[in-house]
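Participant: For reference, the structure I am asking about is given below.
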Amino acid sequence: MTYCIAIALKEGLVLTSDSRTNAGIDQVSTYSKMARFETAPDRKIIVLSAGNLATSQAVIEQLKRDIIEQNRVNLNTSNYLSDAADYIGDVLSTRIRRHSEDQKSNFAPESTLLMAGQISGQAPQAFLIYPQGNHITTSTETPYLQIGESKYGKPVLDRFVKMDTSLADAATCALISMDSTMKSNVSVGPPIEVLIYTKDSLRFDQHYRFNEDNAFLQNLRHEWSNKLYQAFTEMPRIPEHFSTL
């Protein structure tokens, strides 16, 4: 299992992913789930993945190869990010079908992707691409998307991430969301990657990787836990004079 977040804001994008891959109780390893692409100067595109590792790696490799070989359809030929999401969805669904046909019936080749970025002259966007190849995007009401083990980290995103949230605040919120997930599910774990993209910069120059013993990550976890405990101790209790059922 894994956990990835894509947040699309007025100021830009925040992408966050863990690196743990669990293929069984005795097969735990780490792989980056965040793929950056060498695209044309007028665009920047990044893909995050969750699900079957073989499928997601095959898709990433195909996307890179299509750029190198200058195939008719690739990440550089898309006029809009939605077109790029359609293309990636086609590559993903084709790969899943191929794996399904080649393997036994109990094999699960599904993978889910987050694609985010910007094409010059357009707003930054993020898309969630399903195994079937279709996709959804963010909205003003819900400016973030999740894949993988999403339920534990969702509440903090719902409470604090809005379209006008700053990139720095969104990155902190994404890390807290990730820490909440790691606290409740051991199949999600570091290293944690965070990429902050500033609108119209067309540069991926704020890319961070936090190992488990990283001082900043440990301090963030400690402070969040302390603040939550403090808030809990200050919550009102049920008054003793209330009648019971």
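In the structure tokens, each chain is lettered A, B, ... as it comes, each chain's residues begin at 1, and ligands are numbered from 1 in order of appearance.
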Using only C-alpha atoms, which residues sit within 6 Å of region 205-210 of chain A once same-chain residues fewer than 2 positions away are excluded, as a VMD selection string?
Facilitator: chain A and resid 191 to 196 203 214
Participant: Take the residues just selected and output them with N, CA and C atoms as a compact mmCIF listing (two decimals), in the first residue's frame.
Facilitator:
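This went into out.txt:
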# COMPACT_ATOMS: atom_id res chain seq x y z
N PRO A 191 10.97 6.80 2.93
CA PRO A 191 11.12 8.24 2.78
C PRO A 191 9.85 8.91 2.21
N ILE A 192 9.62 10.14 2.66
CA ILE A 192 8.49 10.93 2.19
C ILE A 192 9.02 11.98 1.22
N GLU A 193 8.40 12.07 0.06
CA GLU A 193 8.79 13.07 -0.93
C GLU A 193 7.74 14.17 -1.02
N VAL A 194 8.21 15.40 -1.11
CA VAL A 194 7.33 16.56 -1.27
C VAL A 194 7.87 17.42 -2.40
N LEU A 195 7.02 17.77 -3.34
CA LEU A 195 7.40 18.69 -4.41
C LEU A 195 6.46 19.88 -4.38
N ILE A 196 7.03 21.07 -4.31
CA ILE A 196 6.26 22.32 -4.31
C ILE A 196 6.53 23.03 -5.62
N ARG A 203 9.41 25.22 -13.32
CA ARG A 203 10.60 24.60 -12.72
C ARG A 203 10.18 23.71 -11.56
N ASN A 214 14.69 12.09 9.84
CA ASN A 214 14.86 13.51 9.52
C ASN A 214 14.37 14.38 10.68
Participant: May I have the residues within 10 Å of Val73 (chain A) as a PyMOL selection string, using only C-alpha atoms and disregarding those fewer than 5 positions away in the same chain?
Facilitator: chain A and resi 63+66-67+78+83-84+87
Participant: If you run DSSP over the backbone, which residues in region 3-187 of chain A end up helix (DSSP H, G or I)? Put them as a ChimeraX atom specification.
Facilitator: /A:53-68,81-102,154-160,167-184
Participant: Pick out the residues sitting within 12 Å of Thr172 (chain A), and hand them over as a list in words; count only C-alpha atoms, and ignore anything fewer than 4 positions along from it in its own chain.
Facilitator: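 The residues that qualify are Ile7, Val14, Leu15, Thr16, Val156, Leu157, Phe160, Val161, Thr165, Ser166, Leu167, Ala168, Ile176, Ser177, Met178, Asp179, Val194, Leu195, Ile196, Phe216, Leu217, Asn219, Leu220, Arg221, Glu223 and Trp224 of chain A.
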Participant: Find the spatial neighbours of Gln125 (chain A), counting only C-alpha atoms, within a cut-off of 7 Å - ignore same-chain residues fewer than 5 positions away - and output them as a list in words.
Facilitator: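 Residues meeting the cut-off are Ala8, Ala116, Gly117 and Gln118 of chain A.
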Participant: Run DSSP on the backbone and grab whatever in region 183-242 of chain A lands in strand (DSSP E or B); send it over as a PyMOL selection string.
Facilitator: chain A and resi 192-198+207-210
Participant: Pick the closest to Ser19 (chain A) from A:Leu202, A:Arg36, A:Leu48, A:Gln122: which is it, counting only C-alpha atoms?
Facilitator: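 Smallest separation from Ser19 (chain A) among the options: A:Leu48.
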Participant: Out of A:Gly148, A:Ser180, A:Ile119, A:Arg43, which residue has the shortest atom-to-atom distance to Leu228 (chain A) when counting only C-alpha atoms?
Facilitator: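 Nearest candidate to Leu228 (chain A) out of A:Gly148, A:Ser180, A:Ile119, A:Arg43: A:Ser180.
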Participant: For a test of reading the model, state the distance in Å between CA of Pro143 (chain A) and CA of Gly12 (chain A), rounded to one decimal.
Facilitator: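 Between CA of Pro143 (chain A) and CA of Gly12 (chain A) the gap is 11.0 Å.
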Participant: Between A:Leu92, A:Thr21, A:Leu128, A:Lys10, which is the closest to Gly189 (chain A) once you count only C-alpha atoms?
Facilitator: A:Thr21
Participant: Return the single residue from A:Thr112, A:Thr198, A:Thr30, A:Asn185 that is closest to Val47 (chain A), with distances computed using only C-alpha atoms.
Facilitator: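 Looking at the shortest contact to Val47 (chain A), the residue is A:Thr112.
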Participant: Looking at only C-alpha atoms, which of A:Ala171, A:Leu81, A:Ala215, A:Val91 is the one that sits closest to Gly121 (chain A)?
Facilitator: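 Once distances to Gly121 (chain A) are computed over only C-alpha atoms, the minimum belongs to A:Leu81.
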Participant: Choose the residue, out of A:Cys4, A:His222, A:Tyr229, A:Asn52, that has the smallest atom-to-atom separation from Gly153 (chain A); count only C-alpha atoms.
Facilitator: A:Cys4
Participant: Would you compute the distance between CA of Ala54 (chain A) and CA of Ser17 (chain A)? Give it in Å to one decimal.
Facilitator: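 Computing it gives 17.6 Å between the two atoms.
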Participant: Between CA of Tyr197 (chain A) and CA of Val59 (chain A), what distance in Å does the model show, to one decimal?
Facilitator: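 Taking CA of Tyr197 (chain A) as the start and CA of Val59 (chain A) as the end point, the length is 23.2 Å.
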Participant: Do a neighbour search on Phe37 (chain A) at 8 Å with only C-alpha atoms, toss out local chain neighbours closer than 2 positions, and write the hits as an MDAnalysis selection string.
Facilitator: chainID A and resid 35 39 44:46 64
